[in-house]
Amino acid sequence: DFSDAEIAEHWVDFSNAPGGLLGILKPTLRLPMLLLGGKGSGKTHLMRYCSAPVQAARRDNDLLKAVEQDGYLGIYIRADGLNTDKFSGKGQTEEFWAPIFSMYFELWLATSLVEIVRDFCAKRSAPIDEGAFALGVADLFDTAVDSEFDSLETFLTYITRERKSIDFAVNNSSKTGKPVAITITFSTGRLVFGLPALIARVIPELGETLFVYLIDEIENFTADQQRFLNSLIRYRSGNATIKLGARLYGIKTYETMGSGEPIKRDAEYERVELDRLLREQPKEYEILVRKLVLKRL
């Protein structure tokens, strides 16, 4: 329940670990990660510490400076069971819900990313090429959407409206008893990986930046929804990567969409059990806990 400022203010590092706790999460590593741990192990605190608002809070609220020094931009979202459970059941098969959930979740990630980039641009001395941005975004869709937006702000308005329209249709589908009629307007992964590449082209300061999606509490996802995340891990591309946080019991499947082939540990993702790493270093952990108490007092 800490605010972004409190996350930065109460941060205590694990002094004897190579690179500290950030050396565990490795935010500048392109290889995706599953960060696992029990309740209270610190995974959410660690992931939020690497999110854009906390990055800025650590650098006098200057996100531009933070990204230049850190080399990455953290996009943190917490998987809310209230937002994921509705994409299942209601008399429909998992195959029916899969593309709808995939589209909705990518819109969710895109909304978070564009909000961060909008705030980033507000600190720049010169405006970005809004026309080039709008044309590049329109090219990520499978249908003509170029008349829907012409700038960063209007694109944010568009995807927010699209996400809310899906919310409305899905939330009311149980009452009507009819399948939701939602048009899939882009292919899987196009926004997740296409937007960072486009942003890097139109904003020179982000040209060498790694965009890190920090998706927390994925134990709230169904097995079929986790297959979508696993597919994003398998087909990760460009200047974006994914860090997934979950309870130890929270991973329901390692399979991907389509063929169902599981993602491969240490080749396609790294698995880290945070509380196990802490237990393996009892002396260092005691120092960490004492520092936590002192900092919060």
# chains A, B, ... in the order shown; residues from 1 in each chain; ligands from 1
>>> residues_around(residues="range 190-198 of chain A", least_positions_apart="2", cutoff="8 Å", atoms="only C-alpha atoms", output="list in words")
Glu106, Leu107, Leu109, Ala110, Phe133, Gly136, Val137, Leu140, Phe141, Phe186, Ser187, Thr188, Ala200, Arg201, Val202, Phe211, Arg236, Ser237, Gly238, Asn239 and Ala240 of chain A
>>> write_last_selection(atoms="N, CA, C and O atoms", output="tab-separated table (two decimals), in the first residue's frame")
chain	number	residue	atom	x	y	z
A	106	GLU	N	-3.39	-6.37	-23.91
A	106	GLU	CA	-2.44	-5.53	-24.64
A	106	GLU	C	-2.87	-4.06	-24.59
A	106	GLU	O	-2.03	-3.17	-24.48
A	107	LEU	N	-4.17	-3.80	-24.67
A	107	LEU	CA	-4.65	-2.43	-24.54
A	107	LEU	C	-4.34	-1.89	-23.15
A	107	LEU	O	-4.02	-0.71	-22.98
A	109	LEU	N	-1.80	-2.83	-21.16
A	109	LEU	CA	-0.37	-2.53	-21.13
A	109	LEU	C	-0.06	-1.27	-21.93
A	109	LEU	O	0.74	-0.42	-21.49
A	110	ALA	N	-0.67	-1.14	-23.10
A	110	ALA	CA	-0.42	0.03	-23.95
A	110	ALA	C	-0.86	1.31	-23.26
A	110	ALA	O	-0.17	2.34	-23.35
A	133	PHE	N	4.33	9.55	-35.11
A	133	PHE	CA	3.87	8.61	-34.08
A	133	PHE	C	2.52	8.02	-34.47
A	133	PHE	O	2.31	6.80	-34.41
A	136	GLY	N	2.78	5.59	-37.35
A	136	GLY	CA	3.43	4.36	-36.92
A	136	GLY	C	2.50	3.48	-36.11
A	136	GLY	O	2.48	2.25	-36.27
A	137	VAL	N	1.71	4.08	-35.23
A	137	VAL	CA	0.76	3.32	-34.42
A	137	VAL	C	-0.31	2.71	-35.30
A	137	VAL	O	-0.67	1.53	-35.14
A	140	LEU	N	0.33	-0.60	-36.78
A	140	LEU	CA	0.35	-1.77	-35.90
A	140	LEU	C	-0.99	-2.51	-35.90
A	140	LEU	O	-1.07	-3.64	-35.43
A	141	PHE	N	-2.03	-1.87	-36.42
A	141	PHE	CA	-3.37	-2.45	-36.42
A	141	PHE	C	-3.64	-3.18	-37.74
A	141	PHE	O	-3.05	-2.87	-38.77
A	186	PHE	N	-6.10	-6.00	-33.87
A	186	PHE	CA	-4.65	-6.15	-34.09
A	186	PHE	C	-4.22	-7.55	-33.68
A	186	PHE	O	-4.88	-8.22	-32.89
A	187	SER	N	-3.09	-7.98	-34.21
A	187	SER	CA	-2.59	-9.33	-33.94
A	187	SER	C	-1.84	-9.35	-32.60
A	187	SER	O	-1.31	-8.34	-32.14
A	188	THR	N	-1.78	-10.54	-32.00
A	188	THR	CA	-1.14	-10.71	-30.71
A	188	THR	C	0.31	-10.23	-30.72
A	188	THR	O	1.08	-10.60	-31.62
A	200	ALA	N	10.83	4.49	-29.47
A	200	ALA	CA	12.28	4.68	-29.55
A	200	ALA	C	12.67	5.43	-30.82
A	200	ALA	O	13.67	6.16	-30.83
A	201	ARG	N	11.87	5.27	-31.88
A	201	ARG	CA	12.17	5.98	-33.15
A	201	ARG	C	11.80	7.45	-33.08
A	201	ARG	O	12.52	8.29	-33.64
A	202	VAL	N	10.70	7.77	-32.43
A	202	VAL	CA	10.22	9.16	-32.46
A	202	VAL	C	10.72	10.00	-31.29
A	202	VAL	O	10.63	11.22	-31.32
A	211	PHE	N	12.43	-1.23	-22.63
A	211	PHE	CA	11.11	-1.09	-22.04
A	211	PHE	C	10.77	-2.37	-21.29
A	211	PHE	O	10.72	-3.45	-21.91
A	236	ARG	N	9.14	-12.64	-27.52
A	236	ARG	CA	9.67	-11.33	-27.16
A	236	ARG	C	10.58	-10.82	-28.27
A	236	ARG	O	11.36	-11.58	-28.85
A	237	SER	N	10.47	-9.55	-28.57
A	237	SER	CA	11.30	-9.01	-29.65
A	237	SER	C	11.65	-7.55	-29.38
A	237	SER	O	11.00	-6.87	-28.58
A	238	GLY	N	12.69	-7.10	-30.06
A	238	GLY	CA	13.06	-5.69	-30.04
A	238	GLY	C	13.53	-5.18	-28.69
A	238	GLY	O	14.23	-5.87	-27.94
A	239	ASN	N	13.10	-3.97	-28.37
A	239	ASN	CA	13.60	-3.26	-27.20
A	239	ASN	C	12.64	-3.35	-26.01
A	239	ASN	O	12.52	-2.42	-25.22
A	240	ALA	N	11.94	-4.48	-25.89
A	240	ALA	CA	11.02	-4.68	-24.77
A	240	ALA	C	11.22	-6.06	-24.17
A	240	ALA	O	11.61	-7.00	-24.87
>>> residues_around(residues="range 247-263 of chain A", least_positions_apart="5", cutoff="7 Å", atoms="only C-alpha atoms", output="PDB file with all heavy atoms, in the first residue's frame")
ATOM      1  N   LEU A  36       9.409 -15.221  -8.494  1.00  0.00           N
ATOM      2  CA  LEU A  36       8.467 -15.935  -7.643  1.00  0.00           C
ATOM      3  C   LEU A  36       8.819 -15.751  -6.172  1.00  0.00           C
ATOM      4  O   LEU A  36       9.977 -15.536  -5.811  1.00  0.00           O
ATOM      5  CB  LEU A  36       8.479 -17.431  -7.991  1.00  0.00           C
ATOM      6  CG  LEU A  36       8.274 -17.776  -9.468  1.00  0.00           C
ATOM      7  CD1 LEU A  36       8.324 -19.285  -9.666  1.00  0.00           C
ATOM      8  CD2 LEU A  36       6.974 -17.199  -9.999  1.00  0.00           C
ATOM      9  N   GLY A  37       7.804 -15.860  -5.324  1.00  0.00           N
ATOM     10  CA  GLY A  37       8.043 -15.734  -3.891  1.00  0.00           C
ATOM     11  C   GLY A  37       6.749 -15.765  -3.107  1.00  0.00           C
ATOM     12  O   GLY A  37       5.672 -15.485  -3.645  1.00  0.00           O
ATOM     13  N   GLY A  38       6.850 -16.104  -1.839  1.00  0.00           N
ATOM     14  CA  GLY A  38       5.682 -16.115  -0.977  1.00  0.00           C
ATOM     15  C   GLY A  38       5.250 -14.704  -0.613  1.00  0.00           C
ATOM     16  O   GLY A  38       5.932 -13.725  -0.905  1.00  0.00           O
ATOM     17  N   LYS A  39       4.109 -14.616   0.042  1.00  0.00           N
ATOM     18  CA  LYS A  39       3.585 -13.322   0.472  1.00  0.00           C
ATOM     19  C   LYS A  39       4.565 -12.683   1.453  1.00  0.00           C
ATOM     20  O   LYS A  39       5.027 -13.314   2.398  1.00  0.00           O
ATOM     21  CB  LYS A  39       2.222 -13.502   1.136  1.00  0.00           C
ATOM     22  CG  LYS A  39       1.549 -12.196   1.528  1.00  0.00           C
ATOM     23  CD  LYS A  39       0.158 -12.445   2.091  1.00  0.00           C
ATOM     24  CE  LYS A  39      -0.496 -11.145   2.554  1.00  0.00           C
ATOM     25  NZ  LYS A  39      -0.673 -10.173   1.466  1.00  0.00           N
ATOM     26  N   ILE A 218       0.466 -12.540 -11.128  1.00  0.00           N
ATOM     27  CA  ILE A 218      -0.149 -13.278 -12.230  1.00  0.00           C
ATOM     28  C   ILE A 218      -0.792 -14.577 -11.755  1.00  0.00           C
ATOM     29  O   ILE A 218      -1.383 -15.300 -12.584  1.00  0.00           O
ATOM     30  CB  ILE A 218       0.862 -13.564 -13.365  1.00  0.00           C
ATOM     31  CG1 ILE A 218       1.955 -14.520 -12.907  1.00  0.00           C
ATOM     32  CG2 ILE A 218       1.455 -12.284 -13.912  1.00  0.00           C
ATOM     33  CD1 ILE A 218       2.742 -15.093 -14.069  1.00  0.00           C
ATOM     34  N   GLU A 219      -0.711 -14.864 -10.448  1.00  0.00           N
ATOM     35  CA  GLU A 219      -1.485 -15.997  -9.930  1.00  0.00           C
ATOM     36  C   GLU A 219      -2.985 -15.748 -10.105  1.00  0.00           C
ATOM     37  O   GLU A 219      -3.791 -16.685 -10.033  1.00  0.00           O
ATOM     38  CB  GLU A 219      -1.158 -16.267  -8.463  1.00  0.00           C
ATOM     39  CG  GLU A 219      -1.509 -15.149  -7.494  1.00  0.00           C
ATOM     40  CD  GLU A 219      -0.369 -14.172  -7.259  1.00  0.00           C
ATOM     41  OE1 GLU A 219       0.619 -14.207  -8.019  1.00  0.00           O
ATOM     42  OE2 GLU A 219      -0.469 -13.386  -6.292  1.00  0.00           O
ATOM     43  N   ALA A 223      -5.193 -20.427 -16.280  1.00  0.00           N
ATOM     44  CA  ALA A 223      -4.145 -21.125 -17.021  1.00  0.00           C
ATOM     45  C   ALA A 223      -4.117 -20.668 -18.477  1.00  0.00           C
ATOM     46  O   ALA A 223      -3.041 -20.479 -19.063  1.00  0.00           O
ATOM     47  CB  ALA A 223      -4.366 -22.637 -16.938  1.00  0.00           C
ATOM     48  N   GLN A 226      -2.508 -17.328 -18.725  1.00  0.00           N
ATOM     49  CA  GLN A 226      -1.057 -17.438 -18.562  1.00  0.00           C
ATOM     50  C   GLN A 226      -0.392 -17.966 -19.830  1.00  0.00           C
ATOM     51  O   GLN A 226       0.769 -17.638 -20.098  1.00  0.00           O
ATOM     52  CB  GLN A 226      -0.723 -18.326 -17.364  1.00  0.00           C
ATOM     53  CG  GLN A 226      -1.015 -17.672 -16.030  1.00  0.00           C
ATOM     54  CD  GLN A 226      -0.485 -18.471 -14.851  1.00  0.00           C
ATOM     55  OE1 GLN A 226       0.187 -19.499 -15.016  1.00  0.00           O
ATOM     56  NE2 GLN A 226      -0.780 -18.004 -13.654  1.00  0.00           N
ATOM     57  N   ARG A 227      -1.103 -18.765 -20.621  1.00  0.00           N
ATOM     58  CA  ARG A 227      -0.553 -19.210 -21.904  1.00  0.00           C
ATOM     59  C   ARG A 227      -0.264 -18.007 -22.810  1.00  0.00           C
ATOM     60  O   ARG A 227       0.711 -18.012 -23.562  1.00  0.00           O
ATOM     61  CB  ARG A 227      -1.516 -20.176 -22.597  1.00  0.00           C
ATOM     62  CG  ARG A 227      -1.618 -21.539 -21.922  1.00  0.00           C
ATOM     63  CD  ARG A 227      -2.436 -22.527 -22.751  1.00  0.00           C
ATOM     64  NE  ARG A 227      -2.627 -23.751 -22.017  1.00  0.00           N
ATOM     65  CZ  ARG A 227      -3.687 -24.016 -21.254  1.00  0.00           C
ATOM     66  NH1 ARG A 227      -4.664 -23.114 -21.157  1.00  0.00           N
ATOM     67  NH2 ARG A 227      -3.780 -25.150 -20.608  1.00  0.00           N
ATOM     68  N   PHE A 228      -1.133 -17.010 -22.739  1.00  0.00           N
ATOM     69  CA  PHE A 228      -0.906 -15.791 -23.513  1.00  0.00           C
ATOM     70  C   PHE A 228       0.379 -15.097 -23.059  1.00  0.00           C
ATOM     71  O   PHE A 228       1.211 -14.695 -23.885  1.00  0.00           O
ATOM     72  CB  PHE A 228      -2.108 -14.851 -23.350  1.00  0.00           C
ATOM     73  CG  PHE A 228      -1.840 -13.435 -23.759  1.00  0.00           C
ATOM     74  CD1 PHE A 228      -1.614 -13.097 -25.078  1.00  0.00           C
ATOM     75  CD2 PHE A 228      -1.793 -12.421 -22.809  1.00  0.00           C
ATOM     76  CE1 PHE A 228      -1.358 -11.788 -25.456  1.00  0.00           C
ATOM     77  CE2 PHE A 228      -1.545 -11.108 -23.174  1.00  0.00           C
ATOM     78  CZ  PHE A 228      -1.330 -10.791 -24.503  1.00  0.00           C
ATOM     79  N   ASN A 230       2.906 -16.482 -21.539  1.00  0.00           N
ATOM     80  CA  ASN A 230       4.024 -17.349 -21.936  1.00  0.00           C
ATOM     81  C   ASN A 230       4.363 -17.168 -23.414  1.00  0.00           C
ATOM     82  O   ASN A 230       5.535 -17.231 -23.798  1.00  0.00           O
ATOM     83  CB  ASN A 230       3.682 -18.814 -21.655  1.00  0.00           C
ATOM     84  CG  ASN A 230       3.552 -19.114 -20.169  1.00  0.00           C
ATOM     85  OD1 ASN A 230       4.055 -18.369 -19.337  1.00  0.00           O
ATOM     86  ND2 ASN A 230       2.879 -20.195 -19.835  1.00  0.00           N
ATOM     87  N   SER A 231       3.343 -16.938 -24.232  1.00  0.00           N
ATOM     88  CA  SER A 231       3.587 -16.700 -25.654  1.00  0.00           C
ATOM     89  C   SER A 231       4.321 -15.382 -25.871  1.00  0.00           C
ATOM     90  O   SER A 231       5.192 -15.284 -26.740  1.00  0.00           O
ATOM     91  CB  SER A 231       2.259 -16.697 -26.430  1.00  0.00           C
ATOM     92  OG  SER A 231       1.632 -17.966 -26.340  1.00  0.00           O
ATOM     93  N   ARG A 234       7.873 -16.141 -25.152  1.00  0.00           N
ATOM     94  CA  ARG A 234       8.533 -16.878 -26.239  1.00  0.00           C
ATOM     95  C   ARG A 234       8.863 -15.972 -27.415  1.00  0.00           C
ATOM     96  O   ARG A 234       9.942 -16.083 -28.016  1.00  0.00           O
ATOM     97  CB  ARG A 234       7.639 -18.032 -26.694  1.00  0.00           C
ATOM     98  CG  ARG A 234       8.013 -18.624 -28.053  1.00  0.00           C
ATOM     99  CD  ARG A 234       7.655 -20.065 -28.155  1.00  0.00           C
ATOM    100  NE  ARG A 234       8.440 -20.871 -27.228  1.00  0.00           N
ATOM    101  CZ  ARG A 234       8.233 -22.164 -27.036  1.00  0.00           C
ATOM    102  NH1 ARG A 234       7.252 -22.780 -27.662  1.00  0.00           N
ATOM    103  NH2 ARG A 234       8.975 -22.840 -26.188  1.00  0.00           N
ATOM    104  N   GLU A 268      14.554 -19.219 -22.694  1.00  0.00           N
ATOM    105  CA  GLU A 268      13.559 -18.208 -23.031  1.00  0.00           C
ATOM    106  C   GLU A 268      13.157 -17.359 -21.835  1.00  0.00           C
ATOM    107  O   GLU A 268      12.555 -16.300 -21.993  1.00  0.00           O
ATOM    108  CB  GLU A 268      12.317 -18.884 -23.625  1.00  0.00           C
ATOM    109  CG  GLU A 268      12.604 -19.560 -24.960  1.00  0.00           C
ATOM    110  CD  GLU A 268      11.425 -20.355 -25.483  1.00  0.00           C
ATOM    111  OE1 GLU A 268      10.781 -21.081 -24.702  1.00  0.00           O
ATOM    112  OE2 GLU A 268      11.147 -20.242 -26.698  1.00  0.00           O
TER     113      GLU A 268
END
>>> atom_distance(atom1="CA of Gly131 in chain A", atom2="CA of Val145 in chain A")
13.8 Å
>>> select_by_dssp(residues="range 64-157 of chain A", states="strand (DSSP E)", output="short mmCIF file (atom, residue, chain, number, x, y, z; two decimals) with N, CA, C and O atoms, in the first residue's frame")
data_model
loop_
_atom_site.label_atom_id
_atom_site.label_comp_id
_atom_site.auth_asym_id
_atom_site.auth_seq_id
_atom_site.Cartn_x
_atom_site.Cartn_y
_atom_site.Cartn_z
N TYR A 72 16.66 1.79 -18.61
CA TYR A 72 15.39 1.10 -18.85
C TYR A 72 14.24 1.98 -18.39
O TYR A 72 14.42 2.94 -17.63
N LEU A 73 13.04 1.64 -18.87
CA LEU A 73 11.81 2.29 -18.45
C LEU A 73 10.85 1.21 -17.97
O LEU A 73 10.48 0.31 -18.73
N GLY A 74 10.46 1.29 -16.70
CA GLY A 74 9.63 0.25 -16.10
C GLY A 74 8.14 0.56 -16.20
O GLY A 74 7.71 1.63 -15.78
N ILE A 75 7.38 -0.38 -16.76
CA ILE A 75 5.92 -0.23 -16.88
C ILE A 75 5.29 -1.27 -15.96
O ILE A 75 5.23 -2.46 -16.30
N TYR A 76 4.85 -0.84 -14.78
CA TYR A 76 4.33 -1.77 -13.78
C TYR A 76 2.81 -1.82 -13.81
O TYR A 76 2.15 -0.78 -13.82
N ILE A 77 2.26 -3.03 -13.83
CA ILE A 77 0.83 -3.21 -13.63
C ILE A 77 0.61 -4.41 -12.72
O ILE A 77 1.40 -5.36 -12.73
N ARG A 78 -0.44 -4.35 -11.93
CA ARG A 78 -0.78 -5.46 -11.04
C ARG A 78 -2.02 -6.15 -11.58
O ARG A 78 -3.04 -5.51 -11.82
#
>>> select_by_dssp(residues="range 175-206 of chain A", states="alpha helix (DSSP H)", output="list of chain:residue names")
A:Lys175, A:Thr176, A:Arg190, A:Leu191, A:Val192, A:Phe193, A:Gly194, A:Leu195, A:Pro196, A:Ala197, A:Leu198, A:Ile199, A:Ala200, A:Arg201, A:Val202
>>> write_last_selection(atoms="N, CA, C and O atoms", output="PDB file, in the first residue's frame")
ATOM      1  N   LYS A 175     -25.677 -10.970 -18.218  1.00  0.00           N
ATOM      2  CA  LYS A 175     -27.066 -10.513 -18.094  1.00  0.00           C
ATOM      3  C   LYS A 175     -27.856 -10.774 -19.374  1.00  0.00           C
ATOM      4  O   LYS A 175     -29.020 -11.186 -19.336  1.00  0.00           O
ATOM      5  N   THR A 176     -27.216 -10.551 -20.522  1.00  0.00           N
ATOM      6  CA  THR A 176     -27.914 -10.729 -21.790  1.00  0.00           C
ATOM      7  C   THR A 176     -27.975 -12.187 -22.223  1.00  0.00           C
ATOM      8  O   THR A 176     -28.872 -12.581 -22.969  1.00  0.00           O
ATOM      9  N   ARG A 190       1.444  -7.200 -31.207  1.00  0.00           N
ATOM     10  CA  ARG A 190       1.747  -6.034 -32.033  1.00  0.00           C
ATOM     11  C   ARG A 190       1.901  -4.760 -31.214  1.00  0.00           C
ATOM     12  O   ARG A 190       2.803  -3.963 -31.450  1.00  0.00           O
ATOM     13  N   LEU A 191       1.028  -4.550 -30.234  1.00  0.00           N
ATOM     14  CA  LEU A 191       1.138  -3.353 -29.411  1.00  0.00           C
ATOM     15  C   LEU A 191       2.235  -3.507 -28.356  1.00  0.00           C
ATOM     16  O   LEU A 191       3.008  -2.577 -28.107  1.00  0.00           O
ATOM     17  N   VAL A 192       2.297  -4.668 -27.722  1.00  0.00           N
ATOM     18  CA  VAL A 192       3.271  -4.888 -26.646  1.00  0.00           C
ATOM     19  C   VAL A 192       4.693  -4.634 -27.126  1.00  0.00           C
ATOM     20  O   VAL A 192       5.482  -3.960 -26.449  1.00  0.00           O
ATOM     21  N   PHE A 193       5.023  -5.150 -28.296  1.00  0.00           N
ATOM     22  CA  PHE A 193       6.388  -5.013 -28.799  1.00  0.00           C
ATOM     23  C   PHE A 193       6.518  -3.917 -29.865  1.00  0.00           C
ATOM     24  O   PHE A 193       7.608  -3.378 -30.064  1.00  0.00           O
ATOM     25  N   GLY A 194       5.421  -3.599 -30.540  1.00  0.00           N
ATOM     26  CA  GLY A 194       5.485  -2.578 -31.577  1.00  0.00           C
ATOM     27  C   GLY A 194       5.578  -1.167 -31.039  1.00  0.00           C
ATOM     28  O   GLY A 194       6.307  -0.324 -31.590  1.00  0.00           O
ATOM     29  N   LEU A 195       4.861  -0.883 -29.952  1.00  0.00           N
ATOM     30  CA  LEU A 195       4.881   0.475 -29.390  1.00  0.00           C
ATOM     31  C   LEU A 195       6.265   0.873 -28.879  1.00  0.00           C
ATOM     32  O   LEU A 195       6.715   1.996 -29.165  1.00  0.00           O
ATOM     33  N   PRO A 196       6.973   0.036 -28.107  1.00  0.00           N
ATOM     34  CA  PRO A 196       8.315   0.446 -27.669  1.00  0.00           C
ATOM     35  C   PRO A 196       9.252   0.750 -28.827  1.00  0.00           C
ATOM     36  O   PRO A 196      10.024   1.715 -28.768  1.00  0.00           O
ATOM     37  N   ALA A 197       9.193  -0.062 -29.886  1.00  0.00           N
ATOM     38  CA  ALA A 197      10.059   0.182 -31.045  1.00  0.00           C
ATOM     39  C   ALA A 197       9.717   1.513 -31.697  1.00  0.00           C
ATOM     40  O   ALA A 197      10.611   2.283 -32.085  1.00  0.00           O
ATOM     41  N   LEU A 198       8.425   1.803 -31.813  1.00  0.00           N
ATOM     42  CA  LEU A 198       7.995   3.067 -32.403  1.00  0.00           C
ATOM     43  C   LEU A 198       8.394   4.254 -31.540  1.00  0.00           C
ATOM     44  O   LEU A 198       8.904   5.267 -32.042  1.00  0.00           O
ATOM     45  N   ILE A 199       8.186   4.150 -30.242  1.00  0.00           N
ATOM     46  CA  ILE A 199       8.528   5.235 -29.317  1.00  0.00           C
ATOM     47  C   ILE A 199      10.021   5.538 -29.372  1.00  0.00           C
ATOM     48  O   ILE A 199      10.441   6.697 -29.336  1.00  0.00           O
ATOM     49  N   ALA A 200      10.828   4.493 -29.475  1.00  0.00           N
ATOM     50  CA  ALA A 200      12.279   4.683 -29.554  1.00  0.00           C
ATOM     51  C   ALA A 200      12.670   5.433 -30.820  1.00  0.00           C
ATOM     52  O   ALA A 200      13.671   6.161 -30.833  1.00  0.00           O
ATOM     53  N   ARG A 201      11.869   5.273 -31.884  1.00  0.00           N
ATOM     54  CA  ARG A 201      12.174   5.976 -33.145  1.00  0.00           C
ATOM     55  C   ARG A 201      11.799   7.445 -33.077  1.00  0.00           C
ATOM     56  O   ARG A 201      12.517   8.287 -33.636  1.00  0.00           O
ATOM     57  N   VAL A 202      10.698   7.775 -32.433  1.00  0.00           N
ATOM     58  CA  VAL A 202      10.223   9.162 -32.462  1.00  0.00           C
ATOM     59  C   VAL A 202      10.725   9.995 -31.290  1.00  0.00           C
ATOM     60  O   VAL A 202      10.632  11.224 -31.318  1.00  0.00           O
TER      61      VAL A 202
END
>>> atom_distance(atom1="CA of Phe101 in chain A", atom2="CA of Val114 in chain A")
19.7 Å
>>> closest_residue(among="A:Pro99, A:Glu208, A:Val12, A:Leu214", to="Ala52 in chain A", atoms="only C-alpha atoms")
A:Leu214
>>> closest_residue(among="A:Thr222, A:Thr157, A:Thr209, A:Thr241", to="Ala66 in chain A", atoms="only C-alpha atoms")
A:Thr209
>>> closest_residue(among="A:Asp13, A:Phe105, A:Lys43, A:Glu68", to="Thr160 in chain A", atoms="only C-alpha atoms")
A:Phe105
>>> residues_around(residues="Asp62 in chain A", least_positions_apart="5", cutoff="12 Å", atoms="only C-alpha atoms", output="PDB file with C-alpha atoms, in the first residue's frame")
ATOM      1  CA  ALA A  52       8.721   4.589 -13.961  1.00  0.00           C
ATOM      2  CA  PRO A  53       7.088   6.649 -11.167  1.00  0.00           C
ATOM      3  CA  VAL A  54       9.569   5.322  -8.587  1.00  0.00           C
ATOM      4  CA  GLN A  55      12.451   5.692 -11.033  1.00  0.00           C
ATOM      5  CA  ALA A  56      11.497   9.361 -11.258  1.00  0.00           C
ATOM      6  CA  ALA A  57      11.053   9.679  -7.476  1.00  0.00           C
ATOM      7  CA  VAL A  67      15.928   6.671 -17.794  1.00  0.00           C
ATOM      8  CA  GLU A  68      19.276   8.050 -18.942  1.00  0.00           C
ATOM      9  CA  GLN A  69      20.993   6.702 -15.823  1.00  0.00           C
ATOM     10  CA  ASP A 119       4.502  12.336 -18.783  1.00  0.00           C
ATOM     11  CA  PHE A 120       8.028  11.793 -20.098  1.00  0.00           C
ATOM     12  CA  CYS A 121       7.346  14.067 -23.099  1.00  0.00           C
ATOM     13  CA  ALA A 122       5.994  16.777 -20.813  1.00  0.00           C
ATOM     14  CA  LYS A 123       9.551  17.184 -19.462  1.00  0.00           C
ATOM     15  CA  ARG A 124      11.129  17.496 -22.922  1.00  0.00           C
TER      16      ARG A 124
END
>>> atom_distance(atom1="CA of Ser173 in chain A", atom2="CA of Tyr104 in chain A")
15.7 Å
>>> closest_residue(among="A:Asp70, A:Asp129, A:Glu115, A:Asp85", to="Cys50 in chain A", atoms="only C-alpha atoms")
A:Asp70
>>> closest_residue(among="A:Ser102, A:Thr185, A:Thr111, A:Asn171", to="Asp142 in chain A", atoms="only C-alpha atoms")
A:Thr185
>>> closest_residue(among="A:Leu244, A:Ala134, A:Met103, A:Met47", to="Leu35 in chain A", atoms="only C-alpha atoms")
A:Leu244
